[in-house]
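The data block below is target.txt; it holds compact mmCIF, C-alpha atoms.
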```
# COMPACT_ATOMS: atom_id res chain seq x y z
CA MET A 193 -40.39 -26.00 41.36
CA THR A 194 -37.34 -28.16 42.03
CA ILE A 195 -36.97 -31.91 41.62
CA GLN A 196 -36.66 -32.10 45.40
CA GLU A 197 -40.05 -30.40 45.87
CA ILE A 198 -41.66 -32.86 43.44
CA MET A 199 -40.11 -35.77 45.34
CA GLU A 200 -41.44 -34.39 48.62
CA ARG A 201 -44.96 -33.89 47.22
CA THR A 202 -45.08 -37.39 45.76
CA HIS A 203 -43.11 -39.20 48.52
CA MET A 204 -40.59 -40.45 45.97
CA LYS A 205 -37.11 -41.54 46.99
CA ASP A 206 -35.50 -42.33 43.64
CA THR A 207 -34.12 -39.10 42.12
CA ALA A 208 -33.19 -40.65 38.76
CA LEU A 209 -36.69 -42.08 38.33
CA CYS A 210 -38.25 -38.74 39.26
CA VAL A 211 -36.11 -36.91 36.66
CA ALA A 212 -37.07 -39.53 34.03
CA TRP A 213 -40.79 -39.08 34.74
CA VAL A 214 -40.48 -35.29 34.70
CA LYS A 215 -38.84 -35.58 31.26
CA ASP A 216 -41.70 -37.83 30.10
CA ALA A 217 -44.28 -35.32 31.36
CA ILE A 218 -42.52 -32.42 29.62
CA HIS A 219 -42.46 -34.48 26.43
CA LEU A 220 -46.22 -35.11 26.69
CA ILE A 221 -46.92 -31.42 27.26
CA GLU A 222 -44.75 -30.36 24.32
CA SER A 223 -46.43 -32.98 22.11
CA GLN A 224 -49.85 -31.47 22.71
CA TYR A 225 -49.17 -27.76 23.19
CA ASP A 226 -46.72 -25.20 21.86
CA GLU A 227 -44.92 -24.47 25.12
CA THR A 228 -41.29 -24.16 23.97
CA ILE A 229 -40.79 -23.28 20.32
CA GLY A 230 -37.46 -23.75 18.59
CA THR A 231 -36.10 -23.17 15.08
CA TRP A 232 -33.39 -25.09 13.30
CA LYS A 233 -31.68 -24.12 10.06
CA THR A 234 -29.77 -26.26 7.62
CA ASP A 235 -28.18 -25.72 4.22
CA ILE A 236 -30.02 -26.74 1.07
CA ILE A 237 -27.61 -28.52 -1.23
CA ASP A 238 -27.58 -28.65 -4.99
CA ALA A 239 -28.91 -32.19 -5.32
CA SER A 240 -27.49 -34.49 -7.93
CA GLY A 241 -29.37 -37.68 -7.16
CA GLY A 242 -29.86 -40.47 -4.68
CA THR A 243 -30.93 -39.20 -1.27
CA ASP A 244 -29.65 -35.64 -1.84
CA ASN A 245 -33.13 -34.21 -1.37
CA LYS A 246 -33.59 -35.83 2.05
CA TYR A 247 -33.13 -33.75 5.21
CA PRO A 248 -33.46 -35.24 8.73
CA PHE A 249 -35.77 -33.74 11.33
CA PRO A 250 -33.88 -31.99 14.19
CA ALA A 251 -32.98 -34.54 16.86
CA ASN A 252 -34.55 -32.65 19.76
CA MET A 253 -37.68 -31.52 17.96
CA ILE A 254 -40.92 -32.93 19.40
CA LYS A 255 -43.74 -31.53 17.26
CA LEU A 256 -43.36 -29.95 13.83
CA LYS A 257 -45.08 -26.59 13.34
CA SER A 258 -43.82 -25.49 9.94
CA ILE A 259 -41.07 -25.83 7.35
CA SER A 260 -39.78 -22.77 5.51
CA VAL A 261 -37.33 -22.06 2.73
CA LEU A 262 -35.20 -18.93 2.52
CA ASP A 263 -36.40 -16.67 -0.28
CA THR A 264 -33.13 -15.34 -1.67
CA ASN A 265 -34.90 -12.41 -3.34
CA ASP A 266 -35.91 -10.71 -0.10
CA ASN A 267 -33.92 -12.79 2.42
CA LYS A 268 -37.02 -13.96 4.29
CA TYR A 269 -38.14 -17.43 5.24
CA LYS A 270 -41.40 -18.46 3.65
CA ARG A 271 -43.48 -21.46 4.55
CA ILE A 272 -43.69 -24.25 2.03
CA LYS A 273 -46.51 -26.73 1.51
CA ARG A 274 -46.54 -30.44 2.18
CA LEU A 275 -47.02 -33.02 -0.54
CA VAL A 276 -49.53 -35.64 0.46
CA ASN A 277 -48.70 -38.22 -2.19
CA LYS A 278 -45.41 -39.47 -3.45
CA PRO A 279 -44.57 -37.77 -6.77
CA THR A 280 -43.98 -39.92 -9.82
CA VAL A 281 -40.24 -40.08 -10.30
CA VAL A 282 -38.71 -40.81 -13.70
CA GLU A 283 -34.97 -41.09 -13.93
CA ASP A 284 -33.47 -38.72 -16.46
CA THR A 285 -30.98 -41.07 -18.09
CA ASP A 286 -29.85 -38.64 -20.76
CA PRO A 287 -30.23 -35.00 -19.70
CA ASN A 288 -28.76 -33.78 -23.01
CA GLU A 289 -31.73 -35.00 -25.03
CA MET B 291 -38.75 -18.54 -4.70
CA SER B 292 -40.17 -20.40 -1.71
CA SER B 293 -43.42 -21.01 -3.54
CA THR B 294 -41.52 -23.35 -5.85
CA TYR B 295 -40.64 -25.78 -3.05
CA TYR B 296 -42.63 -28.57 -1.48
CA TYR B 297 -41.81 -31.16 1.14
CA ARG B 298 -42.95 -34.66 1.91
CA ILE B 299 -42.50 -36.44 5.24
CA VAL B 300 -40.72 -39.78 4.95
CA GLY B 301 -40.06 -41.32 8.37
CA LYS B 302 -37.37 -39.32 10.20
CA ASN B 303 -36.64 -37.22 7.11
CA ILE B 304 -38.32 -34.84 4.76
CA GLU B 305 -37.91 -34.97 1.01
CA LEU B 306 -37.53 -31.53 -0.53
CA TRP B 307 -38.88 -31.01 -4.03
CA GLU B 308 -38.63 -28.02 -6.32
CA TYR B 309 -41.48 -27.17 -8.65
CA VAL B 310 -40.55 -26.20 -12.21
CA ALA B 311 -42.76 -25.27 -15.14
CA SER B 312 -40.99 -25.72 -18.46
CA GLY B 313 -41.86 -25.28 -22.12
CA GLN B 314 -40.15 -25.57 -25.47
CA TYR B 315 -39.60 -22.78 -27.97
CA ASP B 316 -37.76 -22.19 -31.22
CA ILE B 317 -35.76 -19.13 -32.23
CA ILE B 318 -36.80 -17.71 -35.59
CA GLY B 319 -34.86 -14.63 -36.47
CA ASP B 320 -34.48 -12.72 -33.23
CA TYR B 321 -37.76 -13.94 -31.80
CA ARG B 322 -38.38 -16.78 -29.44
CA ILE B 323 -41.57 -18.46 -30.53
CA ARG B 324 -43.53 -20.97 -28.51
CA LEU B 325 -44.34 -23.93 -30.70
CA PRO B 326 -48.01 -24.51 -31.48
CA VAL B 327 -47.82 -27.97 -30.07
CA ASP B 328 -48.13 -27.63 -26.31
CA ARG B 329 -44.91 -28.98 -24.90
CA SER B 330 -45.08 -27.23 -21.59
CA SER B 331 -44.90 -29.39 -18.52
CA GLU B 332 -44.94 -29.10 -14.75
CA ASN B 333 -42.50 -31.16 -12.79
CA LEU B 334 -41.12 -31.71 -9.33
CA ILE B 335 -37.35 -32.03 -9.39
CA TYR B 336 -34.58 -32.34 -6.83
CA PRO B 337 -33.52 -28.88 -5.55
CA ASN B 338 -30.99 -27.51 -8.00
CA ASN B 339 -29.87 -24.46 -6.01
CA ALA B 340 -27.58 -24.48 -3.00
CA ILE B 341 -28.85 -22.07 -0.31
CA ASP B 342 -26.92 -21.51 2.94
CA ASN B 343 -29.27 -21.96 5.91
CA GLY B 344 -31.98 -22.33 3.29
CA LEU B 345 -34.19 -24.78 5.12
CA MET B 346 -35.80 -23.90 8.45
CA PHE B 347 -37.77 -26.19 10.75
CA GLU B 348 -40.03 -24.72 13.43
CA GLY B 349 -41.48 -26.85 16.19
CA THR B 350 -41.77 -27.61 19.87
CA ALA B 351 -38.60 -28.91 21.41
CA TYR B 352 -36.81 -30.15 24.43
CA ILE B 353 -34.93 -26.90 25.10
CA GLU B 354 -33.44 -26.44 28.59
CA PRO B 355 -36.16 -28.36 30.48
CA PHE B 356 -34.17 -27.82 33.70
CA VAL B 357 -32.62 -24.54 34.83
CA ASN B 358 -30.57 -23.23 37.73
CA ALA B 359 -33.11 -20.71 39.07
CA ASP B 360 -36.85 -20.51 39.67
CA PRO B 361 -38.37 -19.35 36.35
CA ASN B 362 -41.55 -18.18 38.11
CA GLU B 363 -40.00 -15.59 40.41
CA LEU B 364 -38.51 -12.22 39.56
CA SER B 365 -34.91 -11.67 40.49
CA GLY B 366 -34.54 -8.18 41.99
CA GLY B 367 -37.63 -7.02 40.09
CA ALA B 368 -36.28 -8.27 36.77
CA GLN B 369 -36.75 -11.43 34.77
CA PRO B 370 -34.55 -14.22 36.19
CA THR B 371 -31.43 -15.21 34.26
CA LEU B 372 -31.83 -18.87 33.44
CA SER B 373 -29.27 -21.39 32.27
CA ALA B 374 -29.14 -25.15 32.13
CA PRO B 375 -27.25 -26.65 35.09
CA THR B 376 -24.25 -28.94 34.64
CA GLY B 377 -25.36 -32.39 33.54
CA ALA B 378 -28.89 -31.31 32.62
CA PRO B 379 -30.08 -31.52 29.00
CA GLY B 380 -28.66 -28.50 27.17
CA GLY B 381 -26.17 -27.75 29.95
CA ALA B 382 -22.45 -28.34 30.22
CA SER B 383 -21.31 -31.92 30.62
CA GLY B 384 -20.00 -32.90 34.02
CA THR B 385 -20.43 -35.20 36.96
CA VAL B 386 -23.87 -34.95 38.53
CA ASP B 387 -24.97 -36.66 41.71
CA ASN B 388 -28.48 -37.00 43.09
CA THR B 389 -28.12 -33.95 45.32
CA ASP B 390 -27.32 -31.77 42.30
CA GLU B 391 -30.29 -33.11 40.35
CA GLU B 392 -32.64 -32.41 43.25
CA GLU B 393 -31.72 -28.70 43.02
CA TRP B 394 -32.72 -28.43 39.35
CA HIS B 395 -35.75 -26.24 38.65
CA ILE B 396 -38.29 -27.27 36.04
CA ASN B 397 -38.32 -24.60 33.33
CA MET B 398 -42.09 -24.32 33.21
CA SER B 399 -44.82 -22.30 34.86
CA ARG B 400 -46.02 -23.21 38.32
CA MET B 401 -49.29 -24.64 36.96
CA LEU B 402 -47.41 -26.94 34.59
CA SER B 403 -45.06 -27.92 37.43
CA LEU B 404 -48.12 -28.91 39.48
CA ALA B 405 -49.36 -30.89 36.47
CA ILE B 406 -46.00 -32.71 36.41
CA VAL B 407 -46.49 -33.58 40.10
CA ASP B 408 -49.81 -35.21 39.11
CA TYR B 409 -48.04 -37.07 36.31
CA CYS B 410 -45.48 -38.47 38.76
CA LYS B 411 -48.31 -39.54 41.08
CA ALA B 412 -50.01 -41.25 38.13
CA MET B 413 -46.84 -43.17 37.31
CA MET B 414 -46.43 -44.20 40.97
CA SER B 415 -50.02 -45.46 40.96
CA ASP B 416 -49.25 -47.35 37.77
CA LEU B 417 -46.27 -49.04 39.44
CA ALA B 418 -48.50 -49.99 42.38
CA ALA B 419 -51.11 -51.40 39.94
CA LYS B 420 -53.69 -48.86 41.15
CA LEU B 421 -55.08 -48.11 37.72
CA ASP B 422 -58.13 -46.17 38.92
CA MET B 423 -55.78 -43.82 40.79
CA LYS B 424 -53.57 -43.57 37.73
CA GLU B 425 -56.58 -42.54 35.62
CA TYR B 426 -57.55 -39.96 38.24
CA TYR B 427 -54.09 -38.35 38.35
CA MET B 428 -53.74 -38.37 34.55
CA ARG B 429 -57.07 -36.55 34.35
CA GLU B 430 -55.76 -34.02 36.85
CA PHE B 431 -52.56 -33.71 34.79
CA TRP B 432 -54.39 -32.83 31.57
CA LYS B 433 -56.82 -30.59 33.44
CA LYS B 434 -53.96 -28.49 34.80
CA VAL B 435 -52.24 -28.41 31.40
CA GLY B 436 -55.52 -27.20 29.88
CA ASP B 437 -55.94 -24.58 32.61
CA GLU B 438 -52.46 -23.28 31.91
CA ARG B 439 -53.24 -22.90 28.21
CA SER B 440 -56.54 -21.12 28.82
CA ASN B 441 -54.80 -18.72 31.22
CA LYS B 442 -52.92 -17.27 28.25
CA ARG B 443 -55.94 -16.84 26.01
CA ILE B 444 -57.85 -13.58 26.12
CA ALA B 445 -61.38 -14.07 24.88
CA SER B 446 -63.70 -11.14 24.44
CA VAL B 447 -67.45 -11.61 24.16
CA ILE B 448 -69.65 -9.02 22.48
CA PHE B 449 -73.41 -8.93 23.04
CA PRO B 450 -75.25 -7.00 20.31
CA HIS B 451 -78.15 -4.83 21.47
CA SER B 452 -81.38 -4.97 19.55
CA PRO B 453 -82.56 -1.56 18.16
CA TYR B 454 -85.33 -1.22 20.79
CA ALA B 455 -83.45 -2.60 23.72
CA VAL B 456 -83.89 -0.78 27.04
CA LYS B 457 -80.42 0.02 28.32
```
For this file, write the structure as structure tokens.
Amino acid sequence: MTIQEIMERTHMKDTALCVAWVKDAIHLIESQYDETIGTWKTDIIDASGGTDNKYPFPANMIKLKSISVLDTNDNKYKRIKRLVNKPTVVEDTDPNE
Amino acid sequence: MSSTYYYRIVGKNIELWEYVASGQYDIIGDYRIRLPVDRSSENLIYPNNAIDNGLMFEGTAYIEPFVNADPNELSGGAQPTLSAPTGAPGGASGTVDNTDEEEWHINMSRMLSLAIVDYCKAMMSDLAAKLDMKEYYMREFWKKVGDERSNKRIASVIFPHSPYAVK
């Protein structure tokens, strides 16, 4: 169905507003149901401190289904579990001890 | 290796943690001996291995919501070749006028497209302060979305016969 058909069915005259509402509707559908599934990959870095263990969610992702890490032994992605609570973090001030 | 990783959601980011179990031992002669005092510990540490493309997110996304052809019709008996039009999300950048936008096809099934029509009607009712109409069209919207989902589910029902049932 084209944008024009939607405008005719709803008696709308503003194309930009119609496109904006269609985008909103698609967003609602994708929030509730798994209609269009995507995957995004990013490098894991050897963290040294600070925010090195933080990775942003993909910009165009709407609803998260799973997070996986590449198992380098068999080259397959395997799902990892979510921590519910914040872990206790103690700074290692002298790693040689 | 993946079993040693965990994540935690923090706002727009995730924190990645690696699980390590460590213990202390002494070397006596050629043998490594675990000390009698239990010094083993389990910790979560920052990831200490670099892995190319090591982290994968899976989720629903805004991928080519508009395409150049009708996704619900076969093209010459084959699946249609779809691509995002110029100016549409995921398509090439370029000047787009209203006439171009009106030709965009919604990259969804016909039932979901009809649901989107109901959504637009609901928003128009909202603008006109007709809230009862808005509620009605939003109900229709979710009803059609639900219908679309159930269309893809195949449910089989089995009725067991009792041993003395007359068939």
Using all atoms listed in the file, which protein or nucleic acid residues come within 12 Å of Tyr427 of chain B? Drop anything in the same chain fewer than 6 positions from it, and give the result as an mmCIF file with C-alpha atoms, keeping the file's coordinate frame.
```cif
data_model
loop_
_atom_site.group_PDB
_atom_site.id
_atom_site.type_symbol
_atom_site.label_atom_id
_atom_site.label_comp_id
_atom_site.auth_asym_id
_atom_site.auth_seq_id
_atom_site.Cartn_x
_atom_site.Cartn_y
_atom_site.Cartn_z
ATOM 1 C CA THR A 202 -45.080 -37.390 45.760
ATOM 2 C CA LEU B 404 -48.120 -28.910 39.480
ATOM 3 C CA ALA B 405 -49.360 -30.890 36.470
ATOM 4 C CA ILE B 406 -46.000 -32.710 36.410
ATOM 5 C CA VAL B 407 -46.490 -33.580 40.100
ATOM 6 C CA ASP B 408 -49.810 -35.210 39.110
ATOM 7 C CA TYR B 409 -48.040 -37.070 36.310
ATOM 8 C CA CYS B 410 -45.480 -38.470 38.760
ATOM 9 C CA LYS B 411 -48.310 -39.540 41.080
ATOM 10 C CA ALA B 412 -50.010 -41.250 38.130
ATOM 11 C CA MET B 413 -46.840 -43.170 37.310
ATOM 12 C CA MET B 414 -46.430 -44.200 40.970
ATOM 13 C CA SER B 415 -50.020 -45.460 40.960
ATOM 14 C CA ASP B 416 -49.250 -47.350 37.770
ATOM 15 C CA LYS B 420 -53.690 -48.860 41.150
ATOM 16 C CA LEU B 421 -55.080 -48.110 37.720
ATOM 17 C CA LYS B 433 -56.820 -30.590 33.440
ATOM 18 C CA LYS B 434 -53.960 -28.490 34.800
#
```
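Closest approach to Val214 of chain A among B:Thr294, B:Ser373, B:Ser331, B:Ser403 is made by B:Ser403 (distances from all atoms listed in the file).
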**Q.** Interatomic distance, atom CA of Thr389 of chain B to atom CA of Ser365 of chain B (Å, one decimal)
**A.** 23.8 Å
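Using only C-alpha atoms, the shortest contact distance between chain A and any of B:Gly367, B:Gly319, B:Gly344, B:Gly301 is found at B:Gly344.
The space separating atom CA of Asp226 of chain A from atom CA of Lys273 of chain A comes to 20.4 Å.
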Q. B:Leu372, B:Asn362, B:Tyr296, B:Val357: which is nearest Lys270 of chain A, counting all atoms listed in the file?
A. B:Tyr296
For the interface of chain A with chain B (cut-off 7 Å, counting only C-alpha atoms), please tabulate each contacting residue of chain A alongside its nearest pair of atoms and their separation in Å to one decimal, rows sorted by chain and increasing number, as JSON lines.
```
{"residue": "A:Met193", "atom": "CA", "partner": "B:His395", "partner_atom": "CA", "distance": 5.4}
{"residue": "A:Thr194", "atom": "CA", "partner": "B:His395", "partner_atom": "CA", "distance": 4.2}
{"residue": "A:Ile195", "atom": "CA", "partner": "B:Glu392", "partner_atom": "CA", "distance": 4.7}
{"residue": "A:Gln196", "atom": "CA", "partner": "B:Glu392", "partner_atom": "CA", "distance": 4.6}
{"residue": "A:Ile198", "atom": "CA", "partner": "B:Val407", "partner_atom": "CA", "distance": 5.9}
{"residue": "A:Thr202", "atom": "CA", "partner": "B:Lys411", "partner_atom": "CA", "distance": 6.1}
{"residue": "A:Thr207", "atom": "CA", "partner": "B:Asn388", "partner_atom": "CA", "distance": 6.1}
{"residue": "A:Trp213", "atom": "CA", "partner": "B:Cys410", "partner_atom": "CA", "distance": 6.2}
{"residue": "A:Val214", "atom": "CA", "partner": "B:Ile406", "partner_atom": "CA", "distance": 6.3}
{"residue": "A:Ala217", "atom": "CA", "partner": "B:Ile406", "partner_atom": "CA", "distance": 5.9}
{"residue": "A:Glu222", "atom": "CA", "partner": "B:Thr350", "partner_atom": "CA", "distance": 6.0}
{"residue": "A:Asp226", "atom": "CA", "partner": "B:Thr350", "partner_atom": "CA", "distance": 5.9}
{"residue": "A:Glu227", "atom": "CA", "partner": "B:Thr350", "partner_atom": "CA", "distance": 6.9}
{"residue": "A:Thr228", "atom": "CA", "partner": "B:Thr350", "partner_atom": "CA", "distance": 5.4}
{"residue": "A:Ile229", "atom": "CA", "partner": "B:Thr350", "partner_atom": "CA", "distance": 4.5}
{"residue": "A:Gly230", "atom": "CA", "partner": "B:Gly349", "partner_atom": "CA", "distance": 5.6}
{"residue": "A:Thr231", "atom": "CA", "partner": "B:Glu348", "partner_atom": "CA", "distance": 4.5}
{"residue": "A:Trp232", "atom": "CA", "partner": "B:Phe347", "partner_atom": "CA", "distance": 5.2}
{"residue": "A:Lys233", "atom": "CA", "partner": "B:Met346", "partner_atom": "CA", "distance": 4.4}
{"residue": "A:Thr234", "atom": "CA", "partner": "B:Asn343", "partner_atom": "CA", "distance": 4.7}
{"residue": "A:Asp235", "atom": "CA", "partner": "B:Asn343", "partner_atom": "CA", "distance": 4.3}
{"residue": "A:Ile236", "atom": "CA", "partner": "B:Ile341", "partner_atom": "CA", "distance": 5.0}
{"residue": "A:Ile237", "atom": "CA", "partner": "B:Ala340", "partner_atom": "CA", "distance": 4.4}
{"residue": "A:Asp238", "atom": "CA", "partner": "B:Ala340", "partner_atom": "CA", "distance": 4.6}
{"residue": "A:Ala239", "atom": "CA", "partner": "B:Pro337", "partner_atom": "CA", "distance": 5.7}
{"residue": "A:Asn245", "atom": "CA", "partner": "B:Leu306", "partner_atom": "CA", "distance": 5.2}
{"residue": "A:Lys246", "atom": "CA", "partner": "B:Glu305", "partner_atom": "CA", "distance": 4.5}
{"residue": "A:Tyr247", "atom": "CA", "partner": "B:Asn303", "partner_atom": "CA", "distance": 5.3}
{"residue": "A:Pro248", "atom": "CA", "partner": "B:Asn303", "partner_atom": "CA", "distance": 4.1}
{"residue": "A:Phe249", "atom": "CA", "partner": "B:Asn303", "partner_atom": "CA", "distance": 5.5}
{"residue": "A:Asn252", "atom": "CA", "partner": "B:Ala351", "partner_atom": "CA", "distance": 5.8}
{"residue": "A:Met253", "atom": "CA", "partner": "B:Ala351", "partner_atom": "CA", "distance": 4.4}
{"residue": "A:Ile254", "atom": "CA", "partner": "B:Ala351", "partner_atom": "CA", "distance": 5.1}
{"residue": "A:Lys255", "atom": "CA", "partner": "B:Thr350", "partner_atom": "CA", "distance": 5.1}
{"residue": "A:Leu256", "atom": "CA", "partner": "B:Gly349", "partner_atom": "CA", "distance": 4.3}
{"residue": "A:Lys257", "atom": "CA", "partner": "B:Gly349", "partner_atom": "CA", "distance": 4.6}
{"residue": "A:Ser258", "atom": "CA", "partner": "B:Glu348", "partner_atom": "CA", "distance": 5.2}
{"residue": "A:Ile259", "atom": "CA", "partner": "B:Phe347", "partner_atom": "CA", "distance": 4.8}
{"residue": "A:Ser260", "atom": "CA", "partner": "B:Met346", "partner_atom": "CA", "distance": 5.1}
{"residue": "A:Val261", "atom": "CA", "partner": "B:Leu345", "partner_atom": "CA", "distance": 4.8}
{"residue": "A:Leu262", "atom": "CA", "partner": "B:Gly344", "partner_atom": "CA", "distance": 4.7}
{"residue": "A:Asp263", "atom": "CA", "partner": "B:Met291", "partner_atom": "CA", "distance": 5.3}
{"residue": "A:Lys270", "atom": "CA", "partner": "B:Ser292", "partner_atom": "CA", "distance": 5.8}
{"residue": "A:Ile272", "atom": "CA", "partner": "B:Tyr296", "partner_atom": "CA", "distance": 5.7}
{"residue": "A:Lys273", "atom": "CA", "partner": "B:Tyr296", "partner_atom": "CA", "distance": 5.2}
{"residue": "A:Arg274", "atom": "CA", "partner": "B:Tyr297", "partner_atom": "CA", "distance": 4.9}
{"residue": "A:Leu275", "atom": "CA", "partner": "B:Arg298", "partner_atom": "CA", "distance": 5.0}
{"residue": "A:Val276", "atom": "CA", "partner": "B:Arg298", "partner_atom": "CA", "distance": 6.8}
```
Can you sort out segment 329-356 of chain B so it carries N, CA and C atoms, written as a compact mmCIF listing (two decimals), in the frame of the given file?
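And here is the file that came out, rebuild28.txt:
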```txt
# COMPACT_ATOMS: atom_id res chain seq x y z
N ARG B 329 -45.93 -28.12 -25.49
CA ARG B 329 -44.91 -28.98 -24.90
C ARG B 329 -44.55 -28.54 -23.49
N SER B 330 -45.38 -27.67 -22.95
CA SER B 330 -45.08 -27.23 -21.59
C SER B 330 -45.38 -28.36 -20.61
N SER B 331 -44.68 -28.35 -19.52
CA SER B 331 -44.90 -29.39 -18.52
C SER B 331 -44.58 -28.85 -17.14
N GLU B 332 -45.19 -29.47 -16.15
CA GLU B 332 -44.94 -29.10 -14.75
C GLU B 332 -44.33 -30.29 -14.06
N ASN B 333 -43.22 -30.04 -13.41
CA ASN B 333 -42.50 -31.16 -12.79
C ASN B 333 -42.03 -30.81 -11.39
N LEU B 334 -41.81 -31.85 -10.61
CA LEU B 334 -41.12 -31.71 -9.33
C LEU B 334 -39.74 -32.32 -9.51
N ILE B 335 -38.72 -31.53 -9.22
CA ILE B 335 -37.35 -32.03 -9.39
C ILE B 335 -36.60 -31.90 -8.06
N TYR B 336 -35.45 -32.53 -7.99
CA TYR B 336 -34.58 -32.34 -6.83
C TYR B 336 -34.14 -30.87 -6.79
N PRO B 337 -33.95 -30.30 -5.61
CA PRO B 337 -33.52 -28.88 -5.55
C PRO B 337 -32.22 -28.68 -6.33
N ASN B 338 -32.21 -27.71 -7.20
CA ASN B 338 -30.99 -27.51 -8.00
C ASN B 338 -30.30 -26.18 -7.68
N ASN B 339 -30.59 -25.64 -6.48
CA ASN B 339 -29.87 -24.46 -6.01
C ASN B 339 -29.36 -24.72 -4.60
N ALA B 340 -28.11 -24.37 -4.37
CA ALA B 340 -27.58 -24.48 -3.00
C ALA B 340 -27.88 -23.17 -2.27
N ILE B 341 -28.53 -23.27 -1.10
CA ILE B 341 -28.85 -22.07 -0.31
C ILE B 341 -28.34 -22.28 1.11
N ASP B 342 -27.43 -21.41 1.56
CA ASP B 342 -26.92 -21.51 2.94
C ASP B 342 -28.05 -21.22 3.92
N ASN B 343 -28.18 -22.08 4.93
CA ASN B 343 -29.27 -21.96 5.91
C ASN B 343 -30.62 -21.82 5.21
N GLY B 344 -30.78 -22.51 4.11
CA GLY B 344 -31.98 -22.33 3.29
C GLY B 344 -33.23 -22.99 3.83
N LEU B 345 -33.03 -24.04 4.63
CA LEU B 345 -34.19 -24.78 5.12
C LEU B 345 -34.36 -24.54 6.62
N MET B 346 -35.57 -24.17 7.03
CA MET B 346 -35.80 -23.90 8.45
C MET B 346 -36.98 -24.72 8.97
N PHE B 347 -36.71 -25.46 10.05
CA PHE B 347 -37.77 -26.19 10.75
C PHE B 347 -38.22 -25.34 11.93
N GLU B 348 -39.52 -25.37 12.21
CA GLU B 348 -40.03 -24.72 13.43
C GLU B 348 -40.90 -25.74 14.16
N GLY B 349 -40.67 -25.88 15.44
CA GLY B 349 -41.48 -26.85 16.19
C GLY B 349 -41.23 -26.76 17.68
N THR B 350 -42.01 -27.56 18.43
CA THR B 350 -41.77 -27.61 19.87
C THR B 350 -40.57 -28.49 20.12
N ALA B 351 -39.86 -28.21 21.21
CA ALA B 351 -38.60 -28.91 21.41
C ALA B 351 -38.29 -29.06 22.88
N TYR B 352 -37.30 -29.87 23.11
CA TYR B 352 -36.81 -30.15 24.43
C TYR B 352 -35.65 -29.19 24.69
N ILE B 353 -35.97 -27.90 24.96
CA ILE B 353 -34.93 -26.90 25.10
C ILE B 353 -34.82 -26.49 26.56
N GLU B 354 -33.70 -26.77 27.18
CA GLU B 354 -33.44 -26.44 28.59
C GLU B 354 -34.65 -26.76 29.47
N PRO B 355 -35.02 -28.03 29.61
CA PRO B 355 -36.16 -28.36 30.48
C PRO B 355 -35.86 -28.11 31.95
N PHE B 356 -34.55 -28.10 32.31
CA PHE B 356 -34.17 -27.82 33.70
C PHE B 356 -33.24 -26.61 33.72
```
